[in-house]
file coords-v9.cif (mmCIF, C-alpha atoms and all ligand atoms)
data_coords
#
loop_
_atom_site.group_PDB
_atom_site.id
_atom_site.type_symbol
_atom_site.label_atom_id
_atom_site.label_comp_id
_atom_site.auth_asym_id
_atom_site.auth_seq_id
_atom_site.Cartn_x
_atom_site.Cartn_y
_atom_site.Cartn_z
ATOM 1 C CA ALA R 927 -169.771 250.997 113.333
ATOM 2 C CA LYS R 928 -169.933 247.430 112.062
ATOM 3 C CA ALA R 929 -172.783 246.894 109.579
ATOM 4 C CA GLU R 930 -175.719 244.840 110.771
ATOM 5 C CA PRO R 931 -175.515 241.276 109.396
ATOM 6 C CA LEU R 932 -177.973 240.318 106.658
ATOM 7 C CA LYS R 933 -181.143 238.439 107.548
ATOM 8 C CA VAL R 934 -182.560 236.591 104.559
ATOM 9 C CA MET R 935 -185.538 234.274 104.073
ATOM 10 C CA ILE R 936 -185.883 232.042 101.040
ATOM 11 C CA SER R 937 -189.131 230.387 100.132
ATOM 12 C CA GLY R 938 -190.772 228.461 97.317
ATOM 13 C CA ALA R 939 -192.576 225.231 96.553
ATOM 14 C CA PRO R 940 -190.961 221.843 97.266
ATOM 15 C CA ALA R 941 -187.949 221.354 94.956
ATOM 16 C CA SER R 942 -188.097 224.932 93.655
ATOM 17 C CA GLY R 943 -184.329 225.139 94.305
ATOM 18 C CA LYS R 944 -184.086 226.647 97.799
ATOM 19 C CA GLY R 945 -181.279 224.376 99.010
ATOM 20 C CA THR R 946 -179.344 224.766 95.737
ATOM 21 C CA GLN R 947 -179.490 228.563 95.931
ATOM 22 C CA CYS R 948 -178.589 228.523 99.632
ATOM 23 C CA GLU R 949 -175.283 226.781 98.751
ATOM 24 C CA LEU R 950 -174.482 229.613 96.320
ATOM 25 C CA ILE R 951 -175.652 232.410 98.641
ATOM 26 C CA THR R 952 -173.633 231.162 101.638
ATOM 27 C CA GLN R 953 -170.516 230.806 99.459
ATOM 28 C CA LYS R 954 -170.661 234.475 98.506
ATOM 29 C CA TYR R 955 -172.266 236.141 101.527
ATOM 30 C CA GLY R 956 -171.044 233.918 104.385
ATOM 31 C CA LEU R 957 -174.479 233.728 106.029
ATOM 32 C CA VAL R 958 -175.423 230.862 108.341
ATOM 33 C CA HIS R 959 -177.778 228.537 106.441
ATOM 34 C CA ILE R 960 -180.648 227.342 108.617
ATOM 35 C CA ALA R 961 -182.968 224.886 106.865
ATOM 36 C CA ALA R 962 -185.974 223.657 108.834
ATOM 37 C CA GLY R 963 -186.083 220.431 106.802
ATOM 38 C CA ASP R 964 -182.370 219.733 107.460
ATOM 39 C CA LEU R 965 -182.769 220.329 111.213
ATOM 40 C CA LEU R 966 -185.674 217.873 111.205
ATOM 41 C CA ARG R 967 -183.768 215.259 109.173
ATOM 42 C CA VAL R 968 -180.948 215.379 111.763
ATOM 43 C CA GLU R 969 -183.506 214.504 114.460
ATOM 44 C CA VAL R 970 -185.009 211.757 112.280
ATOM 45 C CA ALA R 971 -181.554 210.229 111.658
ATOM 46 C CA ALA R 972 -180.801 210.327 115.393
ATOM 47 C CA ALA R 973 -184.176 208.619 116.098
ATOM 48 C CA SER R 974 -184.836 211.104 118.926
ATOM 49 C CA GLU R 975 -188.368 211.453 120.312
ATOM 50 C CA ASN R 976 -188.902 214.583 118.220
ATOM 51 C CA GLY R 977 -187.382 212.855 115.207
ATOM 52 C CA LYS R 978 -189.704 209.873 115.444
ATOM 53 C CA ARG R 979 -192.749 212.135 115.668
ATOM 54 C CA ALA R 980 -191.511 214.440 112.899
ATOM 55 C CA LYS R 981 -190.976 211.528 110.511
ATOM 56 C CA GLU R 982 -194.664 210.569 110.683
ATOM 57 C CA TYR R 983 -195.604 213.999 109.323
ATOM 58 C CA MET R 984 -192.759 214.248 106.822
ATOM 59 C CA GLU R 985 -193.734 210.898 105.300
ATOM 60 C CA LYS R 986 -197.235 212.238 104.712
ATOM 61 C CA GLY R 987 -195.902 215.499 103.265
ATOM 62 C CA GLU R 988 -197.551 217.434 106.095
ATOM 63 C CA LEU R 989 -196.142 220.181 108.297
ATOM 64 C CA VAL R 990 -194.446 218.948 111.459
ATOM 65 C CA PRO R 991 -196.285 220.392 114.517
ATOM 66 C CA ASP R 992 -195.168 223.801 115.786
ATOM 67 C CA GLU R 993 -194.202 222.467 119.227
ATOM 68 C CA ILE R 994 -191.328 220.595 117.558
ATOM 69 C CA VAL R 995 -190.316 223.091 114.871
ATOM 70 C CA VAL R 996 -190.722 226.548 116.387
ATOM 71 C CA MET R 997 -188.204 226.262 119.246
ATOM 72 C CA MET R 998 -185.802 224.255 117.105
ATOM 73 C CA VAL R 999 -185.511 227.050 114.544
ATOM 74 C CA LYS R 1000 -185.587 229.869 117.097
ATOM 75 C CA GLU R 1001 -182.685 228.368 119.060
ATOM 76 C CA ARG R 1002 -180.607 227.981 115.907
ATOM 77 C CA LEU R 1003 -181.362 231.582 114.858
ATOM 78 C CA LEU R 1004 -180.251 232.933 118.233
ATOM 79 C CA GLN R 1005 -176.912 231.108 118.319
ATOM 80 C CA PRO R 1006 -173.866 233.392 118.208
ATOM 81 C CA ASP R 1007 -172.750 232.458 114.671
ATOM 82 C CA SER R 1008 -176.160 233.364 113.186
ATOM 83 C CA GLN R 1009 -176.215 236.622 115.115
ATOM 84 C CA GLU R 1010 -172.672 237.594 114.068
ATOM 85 C CA LYS R 1011 -172.599 236.466 110.421
ATOM 86 C CA GLY R 1012 -176.279 236.890 109.602
ATOM 87 C CA TRP R 1013 -178.672 234.145 108.613
ATOM 88 C CA LEU R 1014 -180.354 232.561 105.629
ATOM 89 C CA LEU R 1015 -183.573 230.886 106.683
ATOM 90 C CA ASP R 1016 -184.771 228.177 104.291
ATOM 91 C CA GLY R 1017 -188.233 226.596 104.425
ATOM 92 C CA TYR R 1018 -189.340 228.567 107.466
ATOM 93 C CA PRO R 1019 -191.827 230.007 108.320
ATOM 94 C CA ARG R 1020 -194.275 227.777 106.478
ATOM 95 C CA SER R 1021 -197.540 228.744 108.165
ATOM 96 C CA SER R 1022 -199.200 231.794 109.663
ATOM 97 C CA SER R 1023 -198.539 230.494 113.196
ATOM 98 C CA GLN R 1024 -194.797 230.104 112.504
ATOM 99 C CA ALA R 1025 -194.624 233.592 110.959
ATOM 100 C CA ALA R 1026 -196.490 235.016 113.962
ATOM 101 C CA ALA R 1027 -194.131 233.232 116.394
ATOM 102 C CA LEU R 1028 -191.107 234.806 114.690
ATOM 103 C CA GLU R 1029 -192.671 238.263 114.827
ATOM 104 C CA ASP R 1030 -193.438 237.690 118.538
ATOM 105 C CA PHE R 1031 -189.774 236.858 119.143
ATOM 106 C CA GLY R 1032 -188.813 240.092 117.309
ATOM 107 C CA ILE R 1033 -187.149 238.125 114.496
ATOM 108 C CA HIS R 1034 -187.706 239.891 111.196
ATOM 109 C CA PRO R 1035 -185.860 239.439 107.859
ATOM 110 C CA ASP R 1036 -184.453 242.189 105.623
ATOM 111 C CA ILE R 1037 -185.639 240.436 102.483
ATOM 112 C CA PHE R 1038 -187.968 237.579 101.536
ATOM 113 C CA ILE R 1039 -186.900 235.762 98.365
ATOM 114 C CA LEU R 1040 -189.603 233.781 96.583
ATOM 115 C CA LEU R 1041 -188.517 231.214 93.981
ATOM 116 C CA GLU R 1042 -191.115 230.713 91.267
ATOM 117 C CA VAL R 1043 -191.110 227.477 89.248
ATOM 118 C CA PRO R 1044 -194.035 226.026 87.238
ATOM 119 C CA GLU R 1045 -195.552 223.085 89.049
ATOM 120 C CA ASP R 1046 -195.045 220.669 86.136
ATOM 121 C CA ASN R 1047 -191.265 220.890 86.597
ATOM 122 C CA LEU R 1048 -191.229 220.265 90.336
ATOM 123 C CA VAL R 1049 -192.035 216.554 90.258
ATOM 124 C CA GLU R 1050 -189.201 215.903 87.777
ATOM 125 C CA ARG R 1051 -186.806 217.843 90.006
ATOM 126 C CA VAL R 1052 -187.753 215.804 93.067
ATOM 127 C CA VAL R 1053 -187.584 212.404 91.433
ATOM 128 C CA GLY R 1054 -184.127 213.127 89.963
ATOM 129 C CA ARG R 1055 -182.669 214.685 93.118
ATOM 130 C CA ARG R 1056 -179.710 212.963 94.800
ATOM 131 C CA LEU R 1057 -177.631 213.999 97.812
ATOM 132 C CA ASP R 1058 -173.982 213.468 98.656
ATOM 133 C CA PRO R 1059 -173.947 212.305 102.288
ATOM 134 C CA LEU R 1060 -170.274 213.244 102.607
ATOM 135 C CA THR R 1061 -170.469 216.906 101.502
ATOM 136 C CA GLY R 1062 -174.225 217.598 101.783
ATOM 137 C CA LYS R 1063 -174.206 218.800 98.163
ATOM 138 C CA ILE R 1064 -177.442 218.575 96.161
ATOM 139 C CA TYR R 1065 -177.381 216.952 92.712
ATOM 140 C CA HIS R 1066 -179.863 216.150 89.979
ATOM 141 C CA LEU R 1067 -179.324 213.177 87.681
ATOM 142 C CA LYS R 1068 -180.163 215.307 84.625
ATOM 143 C CA TYR R 1069 -179.700 218.985 85.589
ATOM 144 C CA SER R 1070 -176.781 218.812 87.992
ATOM 145 C CA PRO R 1071 -175.064 215.434 87.608
ATOM 146 C CA PRO R 1072 -172.229 214.307 89.930
ATOM 147 C CA GLU R 1073 -168.701 215.267 88.880
ATOM 148 C CA SER R 1074 -167.183 211.780 89.177
ATOM 149 C CA GLU R 1075 -168.011 208.065 89.341
ATOM 150 C CA GLU R 1076 -166.832 208.032 92.934
ATOM 151 C CA ILE R 1077 -169.387 210.662 93.956
ATOM 152 C CA ALA R 1078 -172.104 209.011 91.827
ATOM 153 C CA SER R 1079 -171.632 205.706 93.632
ATOM 154 C CA ARG R 1080 -172.298 207.179 97.083
ATOM 155 C CA LEU R 1081 -175.325 209.396 96.288
ATOM 156 C CA THR R 1082 -178.483 208.870 98.335
ATOM 157 C CA GLN R 1083 -182.158 209.793 97.944
ATOM 158 C CA ARG R 1084 -184.423 211.462 100.517
ATOM 159 C CA PHE R 1085 -187.179 209.267 101.981
ATOM 160 C CA ASP R 1086 -189.860 211.797 100.935
ATOM 161 C CA ASP R 1087 -188.632 212.194 97.353
ATOM 162 C CA THR R 1088 -191.181 210.092 95.499
ATOM 163 C CA GLU R 1089 -193.728 211.362 92.986
ATOM 164 C CA GLU R 1090 -196.590 210.461 95.313
ATOM 165 C CA ARG R 1091 -195.062 212.222 98.323
ATOM 166 C CA VAL R 1092 -194.078 215.378 96.478
ATOM 167 C CA LYS R 1093 -197.701 215.766 95.404
ATOM 168 C CA LEU R 1094 -198.701 215.662 99.084
ATOM 169 C CA ARG R 1095 -195.967 218.225 99.911
ATOM 170 C CA LEU R 1096 -197.261 220.481 97.116
ATOM 171 C CA HIS R 1097 -200.782 220.251 98.488
ATOM 172 C CA THR R 1098 -199.542 221.305 101.955
ATOM 173 C CA HIS R 1099 -197.578 224.147 100.349
ATOM 174 C CA HIS R 1100 -200.678 225.497 98.593
ATOM 175 C CA GLN R 1101 -202.683 225.404 101.806
ATOM 176 C CA ASN R 1102 -200.185 227.575 103.691
ATOM 177 C CA VAL R 1103 -198.290 229.752 101.252
ATOM 178 C CA GLU R 1104 -200.630 232.762 101.085
ATOM 179 C CA ALA R 1105 -200.545 233.375 104.838
ATOM 180 C CA VAL R 1106 -196.745 233.481 104.832
ATOM 181 C CA LEU R 1107 -196.534 235.646 101.700
ATOM 182 C CA SER R 1108 -198.898 238.219 103.166
ATOM 183 C CA THR R 1109 -196.687 238.600 106.267
ATOM 184 C CA TYR R 1110 -193.661 239.547 104.160
ATOM 185 C CA LYS R 1111 -195.263 241.174 101.103
ATOM 186 C CA ASP R 1112 -193.471 244.499 101.601
ATOM 187 C CA ILE R 1113 -190.004 242.927 101.451
ATOM 188 C CA THR R 1114 -190.667 240.165 98.898
ATOM 189 C CA VAL R 1115 -188.482 239.756 95.831
ATOM 190 C CA LYS R 1116 -189.835 237.286 93.268
ATOM 191 C CA VAL R 1117 -187.209 235.312 91.381
ATOM 192 C CA ASN R 1118 -187.668 233.208 88.250
ATOM 193 C CA GLY R 1119 -186.497 229.789 89.437
ATOM 194 C CA ASN R 1120 -187.117 228.123 86.093
ATOM 195 C CA VAL R 1121 -183.734 228.907 84.532
ATOM 196 C CA ALA R 1122 -180.267 227.398 85.070
ATOM 197 C CA LYS R 1123 -179.149 227.587 88.707
ATOM 198 C CA GLU R 1124 -176.420 230.156 87.895
ATOM 199 C CA ASN R 1125 -179.054 232.421 86.346
ATOM 200 C CA VAL R 1126 -181.347 232.006 89.322
ATOM 201 C CA PHE R 1127 -178.440 232.985 91.556
ATOM 202 C CA ALA R 1128 -177.658 236.051 89.402
ATOM 203 C CA GLN R 1129 -181.154 237.412 90.185
ATOM 204 C CA ILE R 1130 -180.746 236.767 93.922
ATOM 205 C CA ASP R 1131 -177.235 238.216 93.930
ATOM 206 C CA ALA R 1132 -178.535 241.405 92.262
ATOM 207 C CA ALA R 1133 -181.282 241.763 94.893
ATOM 208 C CA LEU R 1134 -178.877 241.248 97.816
ATOM 209 C CA THR R 1135 -176.323 243.650 96.315
ATOM 210 C CA GLU R 1136 -179.023 246.285 95.904
ATOM 211 C CA LEU R 1137 -180.147 245.763 99.492
ATOM 212 C CA LEU R 1138 -176.596 246.256 100.800
ATOM 213 C CA GLU R 1139 -176.109 249.369 98.625
ATOM 214 C CA GLN R 1140 -179.395 250.803 99.834
ATOM 215 C CA ARG R 1141 -178.289 250.315 103.413
ATOM 216 C CA GLU R 1142 -175.083 252.222 102.778
ATOM 217 C CA VAL R 1143 -177.034 255.085 101.224
ATOM 218 C CA ASN R 1144 -179.410 255.115 104.187
ATOM 219 C CA SER R 1145 -176.551 255.152 106.677
ATOM 220 C CA GLY R 1146 -175.097 258.173 104.865
ATOM 221 C CA SER R 1147 -171.763 256.563 104.038
ATOM 222 C CA LEU R 1148 -172.069 256.986 100.247
HETATM 223 P P1 LIG K 1 -187.851 220.568 103.122
HETATM 224 O O1 LIG K 1 -186.634 219.787 103.360
HETATM 225 O O2 LIG K 1 -187.817 222.020 103.374
HETATM 226 O O3 LIG K 1 -188.364 220.244 101.675
HETATM 227 P P2 LIG K 1 -189.118 221.119 100.544
HETATM 228 O O4 LIG K 1 -189.672 222.420 100.920
HETATM 229 O O5 LIG K 1 -190.072 220.135 99.975
HETATM 230 O O6 LIG K 1 -187.996 221.550 99.633
HETATM 231 P P3 LIG K 1 -186.882 220.661 99.053
HETATM 232 O O7 LIG K 1 -185.764 220.511 100.023
HETATM 233 O O8 LIG K 1 -187.528 219.391 98.530
HETATM 234 O O9 LIG K 1 -186.452 221.449 97.769
HETATM 235 P P4 LIG K 1 -185.557 222.740 97.522
HETATM 236 O O10 LIG K 1 -186.461 223.878 97.209
HETATM 237 O O11 LIG K 1 -184.528 222.928 98.580
HETATM 238 O O12 LIG K 1 -184.885 222.291 96.153
HETATM 239 P P5 LIG K 1 -183.401 221.765 95.807
HETATM 240 O O13 LIG K 1 -182.454 222.902 95.788
HETATM 241 O O14 LIG K 1 -183.035 220.553 96.619
HETATM 242 O O15 LIG K 1 -189.043 219.959 103.988
HETATM 243 C C1 LIG K 1 -189.271 218.559 104.053
HETATM 244 C C2 LIG K 1 -190.371 218.254 105.045
HETATM 245 O O16 LIG K 1 -189.976 218.692 106.365
HETATM 246 C C3 LIG K 1 -191.712 218.970 104.806
HETATM 247 O O17 LIG K 1 -192.524 218.236 103.905
HETATM 248 C C4 LIG K 1 -192.297 219.007 106.223
HETATM 249 O O18 LIG K 1 -192.872 217.763 106.580
HETATM 250 C C5 LIG K 1 -191.070 219.236 107.084
HETATM 251 N N1 LIG K 1 -190.840 220.684 107.310
HETATM 252 C C6 LIG K 1 -189.853 221.457 106.744
HETATM 253 N N2 LIG K 1 -189.962 222.737 107.154
HETATM 254 C C7 LIG K 1 -191.021 222.776 108.016
HETATM 255 C C8 LIG K 1 -191.652 223.827 108.749
HETATM 256 N N3 LIG K 1 -191.230 225.096 108.674
HETATM 257 N N4 LIG K 1 -192.732 223.505 109.504
HETATM 258 C C9 LIG K 1 -193.196 222.236 109.583
HETATM 259 N N5 LIG K 1 -192.645 221.205 108.902
HETATM 260 C C10 LIG K 1 -191.577 221.471 108.115
HETATM 261 O O19 LIG K 1 -183.641 221.337 94.291
HETATM 262 C C11 LIG K 1 -184.456 220.223 93.939
HETATM 263 C C12 LIG K 1 -183.818 219.471 92.746
HETATM 264 O O20 LIG K 1 -183.853 220.317 91.595
HETATM 265 C C13 LIG K 1 -182.339 219.104 92.966
HETATM 266 O O21 LIG K 1 -182.089 217.842 92.391
HETATM 267 C C14 LIG K 1 -181.568 220.206 92.209
HETATM 268 O O22 LIG K 1 -180.321 219.753 91.721
HETATM 269 C C15 LIG K 1 -182.529 220.564 91.088
HETATM 270 N N6 LIG K 1 -182.447 221.996 90.734
HETATM 271 C C16 LIG K 1 -182.278 223.055 91.592
HETATM 272 N N7 LIG K 1 -182.256 224.218 90.907
HETATM 273 C C17 LIG K 1 -182.421 223.882 89.586
HETATM 274 C C18 LIG K 1 -182.494 224.652 88.374
HETATM 275 N N8 LIG K 1 -182.412 226.002 88.393
HETATM 276 N N9 LIG K 1 -182.684 223.979 87.209
HETATM 277 C C19 LIG K 1 -182.792 222.615 87.205
HETATM 278 N N10 LIG K 1 -182.729 221.822 88.303
HETATM 279 C C20 LIG K 1 -182.551 222.460 89.482
#
call {"tool": "encode", "arguments": {"input": "coords-v9.cif", "output": "structure tokens"}}
result
Amino acid sequence: AKAEPLKVMISGAPASGKGTQCELITQKYGLVHIAAGDLLRVEVAAASENGKRAKEYMEKGELVPDEIVVMMVKERLLQPDSQEKGWLLDGYPRSSSQAAALEDFGIHPDIFILLEVPEDNLVERVVGRRLDPLTGKIYHLKYSPPESEEIASRLTQRFDDTEERVKLRLHTHHQNVEAVLSTYKDITVKVNGNVAKENVFAQIDAALTELLEQREVNSGSL
């Protein structure tokens, strides 16, 4: 029988490196990357009704209301590609009500990866972050600079990536994180996110490899 696809959640404070690690994880494991923040930014860019409302909250560093986010993420999770290839859920759930909604829908991950980075480093990461609008790749002016002048000239910055706004996002994170962590404590793997991105990935890769090996043992095929 075909193995069940992997279902992975990745979590951590703002700018702890979730998006960066998701690029590396999808390259190796072929999972469908579903980022709540990216789904919301698509709506904001399209200036849809949901997008206009979401932007008000995102600018304040607050959580966008559940009535916008919950169905948006659920629908993406239930699409055929996510079901067939497996999924990598980034930045969701972010509150006890979102975690409860997922459990109610019967959506449960195999593993919950928690990136740990000291708070002092997060502001520097946010302020130096740049994005390539053409490829979606994440850069940092100091830690992950663009490969060419051409790329450098087209990089953009997120509207919520200022020192003031990241402090608000951190405050929101602290208010909600414990409730989410307690939901997934039995399947949580803590990763040191304060090393070079390749070394962060090596820890995640080891955890996912172990999970897949464990499954094979459990299914009696080893
Ligand atoms: P979201 O887009 O999810 O933002 P976030 O959680 O603040 O996380 P970031 O995307 O800022 O950071 P990241 O952890 O992906 O780090 P990255 O890899 O880019 O959410 C934005 C807003 O949307 C929220 O404030 C909220 O309003 C709303 N929202 C989202 N989800 C929601 C939900 N579930 N419910 C309600 N509202 C929701 O890395 C950051 C920088 O550091 C980059 O420049 C990178 O190059 C660099 N870097 C990465 N790794 C390393 C490393 N190991 N060493 C050095 N530098 C590194």
call {"tool": "resolve_selection", "arguments": {"input": "coords-v9.cif", "expression": "the PyMOL selection byres (((not hetatm)) within 7 of (chain K and resi 1))", "output": "PyMOL selection string"}}
result
chain R and resi 938-947+961-964+966+983-984+987-992+995+1016-1020+1051-1052+1054-1056+1064-1066+1069-1070+1095+1119-1123+1126
call {"tool": "write_last_selection", "arguments": {"input": "coords-v9.cif", "atoms": "C-alpha atoms", "output": "CSV table (one decimal), in the coordinates of the input"}}
result
chain,number,residue,atom,x,y,z
R,938,GLY,CA,-190.8,228.5,97.3
R,939,ALA,CA,-192.6,225.2,96.6
R,940,PRO,CA,-191.0,221.8,97.3
R,941,ALA,CA,-187.9,221.4,95.0
R,942,SER,CA,-188.1,224.9,93.7
R,943,GLY,CA,-184.3,225.1,94.3
R,944,LYS,CA,-184.1,226.6,97.8
R,945,GLY,CA,-181.3,224.4,99.0
R,946,THR,CA,-179.3,224.8,95.7
R,947,GLN,CA,-179.5,228.6,95.9
R,961,ALA,CA,-183.0,224.9,106.9
R,962,ALA,CA,-186.0,223.7,108.8
R,963,GLY,CA,-186.1,220.4,106.8
R,964,ASP,CA,-182.4,219.7,107.5
R,966,LEU,CA,-185.7,217.9,111.2
R,983,TYR,CA,-195.6,214.0,109.3
R,984,MET,CA,-192.8,214.2,106.8
R,987,GLY,CA,-195.9,215.5,103.3
R,988,GLU,CA,-197.6,217.4,106.1
R,989,LEU,CA,-196.1,220.2,108.3
R,990,VAL,CA,-194.4,218.9,111.5
R,991,PRO,CA,-196.3,220.4,114.5
R,992,ASP,CA,-195.2,223.8,115.8
R,995,VAL,CA,-190.3,223.1,114.9
R,1016,ASP,CA,-184.8,228.2,104.3
R,1017,GLY,CA,-188.2,226.6,104.4
R,1018,TYR,CA,-189.3,228.6,107.5
R,1019,PRO,CA,-191.8,230.0,108.3
R,1020,ARG,CA,-194.3,227.8,106.5
R,1051,ARG,CA,-186.8,217.8,90.0
R,1052,VAL,CA,-187.8,215.8,93.1
R,1054,GLY,CA,-184.1,213.1,90.0
R,1055,ARG,CA,-182.7,214.7,93.1
R,1056,ARG,CA,-179.7,213.0,94.8
R,1064,ILE,CA,-177.4,218.6,96.2
R,1065,TYR,CA,-177.4,217.0,92.7
R,1066,HIS,CA,-179.9,216.2,90.0
R,1069,TYR,CA,-179.7,219.0,85.6
R,1070,SER,CA,-176.8,218.8,88.0
R,1095,ARG,CA,-196.0,218.2,99.9
R,1119,GLY,CA,-186.5,229.8,89.4
R,1120,ASN,CA,-187.1,228.1,86.1
R,1121,VAL,CA,-183.7,228.9,84.5
R,1122,ALA,CA,-180.3,227.4,85.1
R,1123,LYS,CA,-179.1,227.6,88.7
R,1126,VAL,CA,-181.3,232.0,89.3
call {"tool": "residues_around", "arguments": {"input": "coords-v9.cif", "residues": "Met997 (chain R)", "least_positions_apart": "4", "cutoff": "12 Å", "atoms": "only C-alpha atoms", "output": "ChimeraX atom specification"}}
result
/R:962,965-966,976,991-993,1001-1004,1024,1027-1028,1031
call {"tool": "atom_distance", "arguments": {"input": "coords-v9.cif", "atom1": "CA of Ile994 (chain R)", "atom2": "CA of Ala980 (chain R)"}}
result
7.7 Å
call {"tool": "resolve_selection", "arguments": {"input": "coords-v9.cif", "expression": "the PyMOL selection byres (((chain R and resi 1012) around 8) and not hetatm)", "output": "VMD selection string"}}
result
chain R and resid 931 to 933 956 to 958 1007 to 1011 1013 to 1014
call {"tool": "atom_distance", "arguments": {"input": "coords-v9.cif", "atom1": "CA of Ile1113 (chain R)", "atom2": "CA of Asp1046 (chain R)"}}
result
27.5 Å
call {"tool": "decode", "arguments": {"input": "coords-v9.cif", "residues": "region 985-1007 of chain R", "atoms": "C-alpha atoms", "output": "compact mmCIF listing (two decimals), in the first residue's frame"}}
result
# COMPACT_ATOMS: atom_id res chain seq x y z
CA GLU R 985 -0.60 46.28 10.20
CA LYS R 986 -1.19 46.20 13.95
CA GLY R 987 0.64 42.88 14.31
CA GLU R 988 -2.56 41.25 15.56
CA LEU R 989 -4.15 37.96 14.56
CA VAL R 990 -6.59 38.21 11.67
CA PRO R 991 -10.07 37.07 12.85
CA ASP R 992 -10.88 33.36 12.62
CA GLU R 993 -13.82 33.90 10.25
CA ILE R 994 -11.31 34.95 7.58
CA VAL R 995 -8.42 32.60 8.35
CA VAL R 996 -9.96 29.29 9.41
CA MET R 997 -11.83 28.43 6.20
CA MET R 998 -9.04 29.80 4.04
CA VAL R 999 -6.50 27.38 5.52
CA LYS R 1000 -8.92 24.46 5.75
CA GLU R 1001 -9.83 24.71 2.06
CA ARG R 1002 -6.17 24.79 1.05
CA LEU R 1003 -5.40 21.77 3.26
CA LEU R 1004 -8.21 19.74 1.70
CA GLN R 1005 -7.21 20.39 -1.92
CA PRO R 1006 -6.08 17.29 -3.82
CA ASP R 1007 -2.38 18.23 -4.04
